[in-house]
Structures are given as structure tokens and as C-alpha cells.
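**Q** Next comes run.tsv, TSV, C-alpha atoms:
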chain	number	residue	atom	x	y	z
A	1	MET	CA	-0.34	2.45	-2.45
A	2	TYR	CA	0.88	-1.14	-2.51
A	3	SER	CA	-0.27	-3.71	-5.03
A	4	LEU	CA	-1.39	-7.24	-4.21
A	5	GLU	CA	1.82	-8.54	-5.78
A	6	GLU	CA	3.93	-6.30	-3.52
A	7	VAL	CA	2.03	-7.45	-0.43
A	8	ASN	CA	2.41	-11.11	-1.38
A	9	ASN	CA	6.16	-10.64	-2.00
A	10	SER	CA	6.45	-8.89	1.35
A	11	LEU	CA	4.69	-11.79	3.09
A	12	GLU	CA	7.41	-14.12	1.84
A	13	ASN	CA	10.52	-11.97	2.16
A	14	GLU	CA	10.24	-9.08	4.62
A	15	LYS	CA	10.04	-8.65	8.37
A	16	LEU	CA	6.54	-8.88	9.77
A	17	SER	CA	6.14	-5.22	10.80
A	18	ASP	CA	6.85	-4.17	7.18
A	19	VAL	CA	4.46	-6.84	5.91
A	20	LEU	CA	1.59	-5.61	8.07
A	21	TYR	CA	2.21	-1.96	7.19
A	22	LYS	CA	1.95	-2.71	3.46
A	23	MET	CA	-0.98	-5.03	3.98
A	24	GLU	CA	-2.82	-2.36	6.00
A	25	ARG	CA	-2.33	0.24	3.23
A	26	PHE	CA	-3.44	-2.24	0.55
A	27	ALA	CA	-6.52	-3.22	2.57
A	28	LYS	CA	-7.49	0.42	2.99
A	29	THR	CA	-7.43	1.12	-0.76
A	30	GLN	CA	-9.40	-2.05	-1.50
A	31	GLY	CA	-12.05	-1.53	1.16
A	32	PHE	CA	-11.02	-4.57	3.24
A	33	THR	CA	-11.94	-2.87	6.52
A	34	GLU	CA	-11.68	-5.98	8.68
A	35	ILE	CA	-8.14	-6.68	7.48
A	36	GLU	CA	-7.15	-3.03	7.83
A	37	ASN	CA	-8.32	-2.98	11.46
A	38	TRP	CA	-6.63	-6.30	12.23
A	39	CYS	CA	-3.31	-5.08	10.80
A	40	SER	CA	-3.56	-1.91	12.87
A	41	LEU	CA	-4.13	-3.90	16.07
A	42	GLU	CA	-1.26	-6.26	15.33
A	43	LEU	CA	1.07	-3.34	14.61
A	44	ASN	CA	0.06	-1.27	17.64
A	45	GLY	CA	-0.72	-4.05	20.10
A	46	TYR	CA	-3.79	-5.14	22.04
A	47	GLU	CA	-3.05	-3.46	25.36
A	48	GLY	CA	-6.24	-1.78	26.58
A	49	VAL	CA	-8.39	-3.21	23.79
A	50	ASP	CA	-11.90	-4.09	24.95
A	51	PHE	CA	-12.29	-7.71	23.79
A	52	SER	CA	-15.40	-9.79	23.66
A	53	ASP	CA	-14.83	-13.34	24.92
A	54	ASP	CA	-14.89	-14.71	21.36
A	55	GLU	CA	-12.44	-12.08	20.11
A	56	ARG	CA	-10.05	-12.72	22.98
A	57	SER	CA	-10.23	-16.46	22.37
A	58	ALA	CA	-9.53	-16.02	18.65
A	59	VAL	CA	-6.46	-13.84	19.24
A	60	MET	CA	-5.11	-16.08	22.00
A	61	LYS	CA	-5.07	-19.05	19.61
A	62	TYR	CA	-2.06	-17.64	17.78
A	63	ARG	CA	-0.69	-15.08	20.27
A	64	TYR	CA	0.02	-17.41	23.20
A	65	VAL	CA	3.59	-18.58	23.97
A	66	SER	CA	5.13	-21.35	26.03
A	67	VAL	CA	7.19	-19.94	28.89
A	68	ASP	CA	9.53	-21.04	31.65
A	69	TRP	CA	8.35	-19.80	35.06
A	70	LYS	CA	11.11	-18.81	37.48
A	71	ASN	CA	11.11	-17.31	40.95
A	72	THR	CA	13.12	-14.29	42.04
A	73	LEU	CA	16.17	-16.54	42.56
A	74	GLY	CA	16.05	-17.69	38.96
A	75	GLN	CA	14.86	-21.19	39.88
A	76	GLU	CA	12.49	-22.91	37.47
A	77	ILE	CA	9.19	-23.98	39.05
A	78	GLU	CA	6.43	-26.19	37.68
A	79	TRP	CA	3.06	-25.28	39.08
A	80	ILE	CA	-0.65	-25.14	38.41
A	81	HIS	CA	-2.61	-21.93	38.22
A	82	PRO	CA	-6.44	-21.87	38.16
A	83	GLU	CA	-6.44	-19.78	34.95
A	84	SER	CA	-4.65	-21.99	32.43
A	85	TYR	CA	-3.98	-19.25	29.88
A	86	ILE	CA	-1.65	-17.57	32.39
A	87	LEU	CA	0.66	-20.58	32.34
A	88	ASN	CA	1.08	-20.15	28.59
A	89	PRO	CA	0.24	-16.45	28.30
A	90	PRO	CA	-0.62	-14.42	25.21
A	91	ILE	CA	1.63	-11.52	24.26
A	92	TRP	CA	-0.38	-8.36	23.61
A	93	MET	CA	2.32	-5.88	22.53
A	94	GLY	CA	2.70	-4.59	18.96
A	95	ILE	CA	4.69	-6.47	16.33
A	96	GLU	CA	7.57	-4.02	16.12
A	97	ASP	CA	8.05	-4.22	19.89
A	98	ILE	CA	7.99	-8.03	19.74
A	99	GLU	CA	10.61	-8.01	16.97
A	100	GLY	CA	12.85	-6.02	19.28
A	101	TYR	CA	13.13	-9.04	21.60
A	102	LEU	CA	14.22	-11.50	18.91
A	103	ALA	CA	17.86	-11.37	19.96
A	104	GLU	CA	17.57	-11.73	23.75
A	105	GLY	CA	14.10	-13.04	24.55
A	106	LEU	CA	11.43	-11.50	26.76
A	107	ILE	CA	10.46	-11.47	30.45
A	108	LEU	CA	6.75	-11.26	31.36
A	109	ILE	CA	5.42	-10.22	34.74
A	110	ASN	CA	1.78	-11.00	35.60
A	111	LYS	CA	-0.04	-9.50	38.57
A	112	LYS	CA	-2.41	-12.45	39.03
A	113	VAL	CA	0.44	-14.93	38.87
A	114	ASN	CA	2.38	-13.07	41.53
A	115	GLU	CA	-0.62	-12.90	43.84
A	116	THR	CA	-0.93	-16.70	43.67
A	117	ALA	CA	2.83	-17.30	43.78
A	118	ARG	CA	3.28	-15.23	46.93
A	119	ARG	CA	0.59	-17.24	48.67
A	120	VAL	CA	1.89	-20.65	47.53
A	121	TYR	CA	5.66	-20.14	47.31
A	122	GLY	CA	6.29	-16.95	49.23
A	123	SER	CA	8.02	-15.56	46.17
A	124	GLU	CA	7.06	-13.66	43.02
A	125	MET	CA	7.52	-15.27	39.62
A	126	LYS	CA	8.36	-14.20	36.10
A	127	ALA	CA	7.80	-15.86	32.73
A	128	ILE	CA	10.81	-16.29	30.45
A	129	VAL	CA	9.95	-16.23	26.74
A	130	SER	CA	12.78	-17.65	24.65
A	131	THR	CA	13.90	-16.28	21.30
A	132	GLU	CA	12.62	-19.47	19.68
A	133	GLN	CA	9.17	-18.84	21.12
A	134	ILE	CA	9.22	-15.28	19.79
A	135	LYS	CA	10.21	-16.52	16.32
A	136	SER	CA	7.40	-19.06	16.47
A	137	LEU	CA	4.92	-16.36	17.53
A	138	LEU	CA	5.89	-14.08	14.65
A	139	GLU	CA	5.56	-16.94	12.19
A	140	ARG	CA	2.06	-17.77	13.48
A	141	ILE	CA	1.02	-14.13	13.02
A	142	ARG	CA	2.51	-14.14	9.53
A	143	LYS	CA	0.44	-17.23	8.67
A	144	GLN	CA	-2.62	-15.50	10.11
A	145	ALA	CA	-1.94	-12.48	7.88
A	146	ARG	CA	-1.57	-14.68	4.81
A	147	ARG	CA	-4.82	-16.51	5.57
A	148	LYS	CA	-6.80	-13.31	6.18
A	149	LEU	CA	-5.55	-11.72	2.98
A	150	HIS	CA	-6.21	-14.73	0.78
A	151	ASP	CA	-9.60	-15.39	2.35
A	152	ALA	CA	-10.66	-11.85	1.42
A	153	LEU	CA	-9.60	-12.04	-2.22
A	154	PRO	CA	-12.22	-14.49	-3.57
A	155	ARG	CA	-14.94	-12.02	-2.61
A	156	THR	CA	-13.46	-9.59	-5.15
A	157	ALA	CA	-11.95	-12.10	-7.55
A	158	THR	CA	-12.96	-10.09	-10.62
A	159	LYS	CA	-12.05	-6.73	-9.16
A	160	LYS	CA	-8.86	-5.07	-10.34
A	161	ILE	CA	-6.72	-2.97	-8.03
A	162	THR	CA	-8.02	0.58	-7.73
A	163	TYR	CA	-5.45	3.29	-8.40
A	164	PRO	CA	-5.86	6.22	-5.98
A	165	ALA	CA	-6.39	9.56	-7.68
A	166	PRO	CA	-3.76	12.29	-7.31
A	167	ASP	CA	-4.78	15.60	-5.77
A	168	PHE	CA	-5.76	17.43	-8.94
A	169	ALA	CA	-6.42	20.58	-6.89
A	170	ILE	CA	-2.64	20.82	-6.42
A	171	LEU	CA	-1.78	19.90	-10.00
A	172	VAL	CA	-4.09	22.25	-11.91
A	173	SER	CA	-5.54	25.69	-11.23
A	174	ASP	CA	-8.89	25.59	-13.03
A	175	THR	CA	-11.81	24.38	-10.88
A	176	ALA	CA	-13.75	22.97	-13.82
A	177	LEU	CA	-10.69	21.10	-15.06
A	178	ILE	CA	-10.19	19.56	-11.61
A	179	GLY	CA	-13.66	18.02	-11.87
A	180	VAL	CA	-13.07	16.79	-15.42
A	181	LEU	CA	-9.78	15.12	-14.54
A	182	SER	CA	-11.16	13.57	-11.35
A	183	ASN	CA	-14.09	12.11	-13.28
A	184	ARG	CA	-11.80	10.73	-15.96
A	185	TRP	CA	-9.56	9.10	-13.34
A	186	ALA	CA	-12.58	7.40	-11.77
A	187	GLU	CA	-13.81	6.33	-15.20
A	188	ALA	CA	-10.36	4.93	-16.04
A	189	ASN	CA	-10.55	2.76	-12.91
A	190	LEU	CA	-13.98	1.51	-13.93
A	191	ALA	CA	-12.76	0.73	-17.45
A	192	PHE	CA	-9.72	-1.08	-16.07
A	193	GLU	CA	-11.86	-3.16	-13.73
A	194	ALA	CA	-14.14	-4.09	-16.64
A	195	GLY	CA	-11.20	-5.17	-18.79
A	196	ALA	CA	-11.57	-2.25	-21.22
A	197	TYR	CA	-7.82	-1.77	-21.46
A	198	LEU	CA	-7.62	0.41	-24.57
A	199	ALA	CA	-10.24	2.76	-23.12
A	200	THR	CA	-8.24	2.92	-19.90
A	201	VAL	CA	-5.04	3.89	-21.71
A	202	ILE	CA	-6.78	6.57	-23.77
A	203	LEU	CA	-8.34	8.09	-20.64
A	204	LEU	CA	-5.00	8.11	-18.81
A	205	GLY	CA	-3.30	9.75	-21.79
A	206	SER	CA	-5.97	12.45	-21.83
A	207	ILE	CA	-5.45	13.09	-18.10
A	208	LEU	CA	-1.71	13.51	-18.58
A	209	GLU	CA	-2.35	15.89	-21.49
A	210	GLY	CA	-4.83	17.93	-19.42
A	211	VAL	CA	-2.41	18.42	-16.53
A	212	LEU	CA	0.54	19.35	-18.76
A	213	LEU	CA	-1.55	21.76	-20.82
A	214	ASP	CA	-2.72	23.55	-17.68
A	215	LYS	CA	0.90	23.86	-16.54
A	216	VAL	CA	1.85	25.46	-19.84
A	217	GLU	CA	-1.15	27.80	-19.79
A	218	GLN	CA	-0.28	29.00	-16.30
A	219	ASN	CA	3.33	29.72	-17.29
A	220	PRO	CA	3.11	31.19	-20.80
A	221	ALA	CA	6.39	33.13	-20.75
A	222	LEU	CA	8.44	30.07	-19.80
A	223	ALA	CA	6.52	27.71	-22.08
A	224	ASN	CA	6.59	29.91	-25.17
A	225	GLY	CA	10.23	30.77	-24.54
A	226	SER	CA	11.28	27.12	-24.59
A	227	PRO	CA	13.11	26.04	-27.75
A	228	LYS	CA	10.87	22.94	-27.66
A	229	SER	CA	7.65	24.95	-28.06
A	230	PRO	CA	5.95	24.53	-31.46
A	231	LYS	CA	6.20	27.53	-33.79
A	232	ASP	CA	4.47	28.65	-36.98
A	233	LYS	CA	6.35	29.48	-40.19
A	234	LEU	CA	7.21	32.93	-38.86
A	235	GLY	CA	8.67	31.52	-35.66
A	236	LYS	CA	5.73	32.61	-33.53
A	237	PRO	CA	4.55	30.13	-30.83
A	238	LEU	CA	1.40	28.29	-31.80
A	239	ALA	CA	-1.79	28.80	-29.82
A	240	TYR	CA	-2.01	26.24	-27.01
A	241	ARG	CA	-5.07	24.62	-28.62
A	242	ASP	CA	-2.76	23.55	-31.45
A	243	TRP	CA	-0.12	21.95	-29.22
A	244	LYS	CA	0.08	18.18	-29.34
A	245	LEU	CA	0.89	15.95	-26.38
A	246	GLN	CA	4.39	15.50	-27.79
A	247	HIS	CA	5.00	19.26	-27.55
A	248	LEU	CA	3.58	19.43	-24.03
A	249	ILE	CA	5.86	16.64	-22.81
A	250	GLU	CA	9.00	18.18	-24.36
A	251	VAL	CA	8.28	21.73	-23.15
A	252	CYS	CA	7.35	20.61	-19.62
A	253	HIS	CA	10.60	18.68	-19.43
A	254	ASP	CA	12.61	21.60	-20.82
A	255	CYS	CA	11.04	23.94	-18.25
A	256	GLY	CA	11.88	21.55	-15.40
A	257	TRP	CA	8.33	20.42	-14.62
A	258	LEU	CA	8.83	16.84	-15.81
A	259	LYS	CA	11.87	14.71	-14.98
A	260	LYS	CA	13.77	13.08	-17.84
A	261	GLY	CA	12.72	9.54	-16.96
A	262	HIS	CA	9.10	10.65	-16.72
A	263	LYS	CA	9.44	12.52	-20.02
A	264	ASP	CA	10.70	9.42	-21.81
A	265	PHE	CA	7.98	7.19	-20.40
A	266	SER	CA	5.32	9.84	-21.04
A	267	HIS	CA	6.13	9.51	-24.75
A	268	VAL	CA	5.26	5.82	-24.38
A	269	VAL	CA	1.87	6.86	-22.98
A	270	ARG	CA	1.48	9.33	-25.85
A	271	ASP	CA	2.16	6.61	-28.39
A	272	TYR	CA	-0.34	4.26	-26.73
A	273	ARG	CA	-2.89	7.08	-26.48
A	274	ASN	CA	-2.70	7.48	-30.26
A	275	PHE	CA	-4.26	4.03	-30.60
A	276	ILE	CA	-7.53	5.93	-30.41
A	277	HIS	CA	-7.11	5.89	-34.19
A	278	PRO	CA	-8.22	2.42	-35.45
A	279	ASN	CA	-5.77	2.51	-38.34
A	280	LYS	CA	-2.81	2.79	-35.93
A	281	GLU	CA	-4.03	-0.27	-34.05
A	282	ARG	CA	-4.37	-2.13	-37.35
A	283	GLN	CA	-0.85	-1.13	-38.43
A	284	GLU	CA	0.89	-1.80	-35.10
A	285	GLY	CA	-0.95	-5.02	-34.28
A	286	ILE	CA	-0.69	-4.43	-30.52
A	287	THR	CA	-3.34	-5.94	-28.27
A	288	PHE	CA	-3.79	-4.01	-25.04
A	289	ASP	CA	-3.92	-6.18	-21.94
A	290	GLU	CA	-3.78	-5.81	-18.18
A	291	SER	CA	0.03	-5.73	-18.03
A	292	ILE	CA	0.29	-2.84	-20.52
A	293	CYS	CA	-2.44	-1.01	-18.62
A	294	LYS	CA	-0.57	-1.35	-15.34
A	295	ILE	CA	2.56	0.13	-16.95
A	296	VAL	CA	0.59	3.13	-18.17
A	297	TRP	CA	-1.04	3.58	-14.74
A	298	GLU	CA	2.39	3.66	-13.09
A	299	ILE	CA	3.88	6.05	-15.67
A	300	VAL	CA	1.03	8.54	-15.43
A	301	SER	CA	0.89	8.31	-11.62
A	302	ALA	CA	4.65	8.88	-11.34
A	303	SER	CA	4.64	11.76	-13.83
A	304	LEU	CA	1.83	13.54	-12.00
A	305	ARG	CA	3.61	13.12	-8.67
Write the structure described by the file as C-alpha cells, please.
**A**
Amino acid sequence: MYSLEEVNNSLENEKLSDVLYKMERFAKTQGFTEIENWCSLELNGYEGVDFSDDERSAVMKYRYVSVDWKNTLGQEIEWIHPESYILNPPIWMGIEDIEGYLAEGLILINKKVNETARRVYGSEMKAIVSTEQIKSLLERIRKQARRKLHDALPRTATKKITYPAPDFAILVSDTALIGVLSNRWAEANLAFEAGAYLATVILLGSILEGVLLDKVEQNPALANGSPKSPKDKLGKPLAYRDWKLQHLIEVCHDCGWLKKGHKDFSHVVRDYRNFIHPNKERQEGITFDESICKIVWEIVSASLR
């Protein structure tokens, strides 16, 4: 999934086909169906699309290009055609295909034009689209993308980005636990949207703990054999109900189920999760905000992947 910030950065710095791909994925996660469909059409092209007159007119406003008409001898000809849009035709192909003509320009052939040209001039004609015209076209589409995205945002001005849930059916084996974790992920999104940042962090920490505990329970020989597993005074592994999140993180890393970077950051989540205790919040003096929440979302999402 791409964030709004990533899409906005892409709009300013990346080629248009990459912009529209990220924007399409973002729109899908946010429920912006109109933008998602528009991005898909721009990426794949409008050839064969059944337009209404209004839709065709709207697209032609930014998809048309100025061309130089030449006959088969390469001679430029100024002429009048009864359908004016043919003289400055729209380009219907997908964005990635258009980008492929940036270096050398594009030649368009139109059946209606050639029918008229053969009658009037006795010769077929072709439209030459310069590289400058292609650059201008891509910039107009980029501006259209920026406008559509920003016009959609005020309708959900108070809505935070929704983080897509991982496939818990792959991560854990217990059916009941799958439902619990899925519900907690959905609740974490609701809490995040409402600005309940501490509640969000606590829920995410509990989800991470639930997945790691299931991994340990499904692999008892490896988990108990790890030097990182917690032991009693006699050196016997503790029952899993007595393991803390710290132990789960260390053992899962030692057994190769959690990468080192994810292990280190998971300890950050563990520490934040412990703010469920009011006294820790009083002692640390940390105020949870949206930026901290986003960090925890990314850590947990990456660790579960």
C-alpha cells in the first residue's frame, strides 16, 4: 500500500506511469473508486472504451495534441476537415506507451482523415506529434491526476489512512486466533482514525504478541531449545503463558522467524505497548501522536510480513 505522502511525492518527482500506479493502489485502499478507475484507464489506454459524449469531451480536453499533417511525400499541408477534433486529435493509448515516444515523437494515422485526404489531395496523410507535444500531454495528465486526488481528499479530511490487514490465516494456525487478530487489526484502524493513538499502539502490540506466541507454540522443540527462551530456577523452560513479549521477540529472532532489524524495532513496539500501565506513561512523559502511531504501524506490518 502507498501512503498519501508517497503519492504526493511521486506526483512531483517520478515518471507519470509510476505516479498513476501508486495513485491507483492508494485510491483502492481508500475507497476512491472513481480515481481508481480513472488511473486504470490512463495506464491502460482508452482504445475500445465505450464513451458517452460527455465523457469523451472531458477526456479530449486534456488528451488532445497539436500535430503537423503531412502527405506521403513528407510535405506539410494545411487543410480543413469537417470534424475539428481530427485536426488536433486526442491520443488514446496508455501512459507507458506514450512515454515510449518521448525521445522520437509519434506518427498518427486516421482512417477518416485518409478518406477525406484521398478525395481532396489524392494522397493519404499522417499526423506528426512532436516530442514537445508529448511532454505537454504528459504534463496535462499529471495536472489532471493532481487535481482529481486533491479534490477527493476534502471529502475524507478527518479520515486517517487505513492500513490493510495481513493474511492472518497464513501467519497463525488457530482459527479462533485468526478471528481475534483480524478484529483487533480492524479495531486498531478505527482507534487510529479517531485519534486514539495510545489505544492503537496497545492493540498493535497485542497483535504482534499473538502472532509470535502462536509461532512458538507451533514449534515447541525449536522455541524451548533456544538459549533465549525463559527458564525457571531449575533451567526448565517456562510455560508459554508465562512468556513475555520480550522473550517472544528474542526467541523468534534466534529461531530465524524474525529478522534482526525487525527484532530491534519490535522491542520499540514492546516498550510502547507497556504504556498500558499508567505509571509508565507518568514516568516517561511521552505523549502518543499520529507520527508515533505510524511508526508502530510500519514496524508491526513489516515484522508480520
**Q** Between atom CA of A:Ala103 and atom CA of A:Ala127, measure the distance and give it in Å to one decimal.
**A**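 Here the two named atoms are 16.9 Å from each other.
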**Q** Quick check, in Å to one decimal: how far apart do atom CA of A:Glu55 and atom CA of A:Ile134 lie?
**A**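 Between these atoms lies a distance of 21.9 Å.
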**Q** When you look at stretch 269-272 of chain A with a cut-off of 9 Å (counting only C-alpha atoms), what residues show up, excluding the ones that are within fewer than 4 positions of it in the same chain? I need them as a list in words.
**A** Leu198, Val201, Ile202, Leu204, Gly205, Leu208, Glu209, Leu245, Gln246, Phe265, Ile276, Val296, Ile299 and Val300 of chain A
**Q** So how far away is atom CA of A:Gly179 from atom CA of A:Cys255, in Å?
**A**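 Calculated distance between atom CA of A:Cys255 and atom CA of A:Gly179 is 26.2 Å.
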**Q** Determine the nearest neighbour of A:Gln133 from the options A:Arg63, A:Thr162, A:Lys111, A:Leu153, counting all atoms listed in the file.
**A**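 When distances to A:Gln133 are compared using all atoms listed in the file, the smallest one comes from A:Arg63.
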**Q** Any idea what's packed within 12 Å of A:Asp232, counting only C-alpha atoms, ignoring anything in its chain fewer than 4 positions away? Could you give it as a compact mmCIF listing (two decimals) with C-alpha atoms, in the coordinates of the input?
**A**
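File written: out-v3.txt
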# COMPACT_ATOMS: atom_id res chain seq x y z
CA LYS A 236 5.73 32.61 -33.53
CA PRO A 237 4.55 30.13 -30.83
CA LEU A 238 1.40 28.29 -31.80
CA ALA A 239 -1.79 28.80 -29.82
CA ASP A 242 -2.76 23.55 -31.45
CA TRP A 243 -0.12 21.95 -29.22
**Q** List the spatial neighbours of A:Met60 as a ChimeraX atom specification - criterion: any atom at most 10 Å away, only C-alpha atoms, same-chain residues fewer than 4 positions off excluded.
**A** /A:54-56,64-65,85,88-92
**Q** If we count all atoms listed in the file and set the cut-off at 7 Å, which residues sit around A:Thr131, ignoring sequence neighbours fewer than 6 positions away in its own chain? Please answer as a PDB file with C-alpha atoms, in the coordinates of the input.
**A**
ATOM      1  CA  LEU A 102      14.220 -11.500  18.910  1.00  0.00           C
ATOM      2  CA  ALA A 103      17.860 -11.370  19.960  1.00  0.00           C
ATOM      3  CA  GLU A 104      17.570 -11.730  23.750  1.00  0.00           C
ATOM      4  CA  GLY A 105      14.100 -13.040  24.550  1.00  0.00           C
TER       5      GLY A 105
END
**Q** Between A:Glu124, A:His277, A:Ser301, A:Thr72, single out the one closest to A:Trp185, counting all atoms listed in the file.
**A**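 Closest to A:Trp185 of all the choices is A:Ser301.
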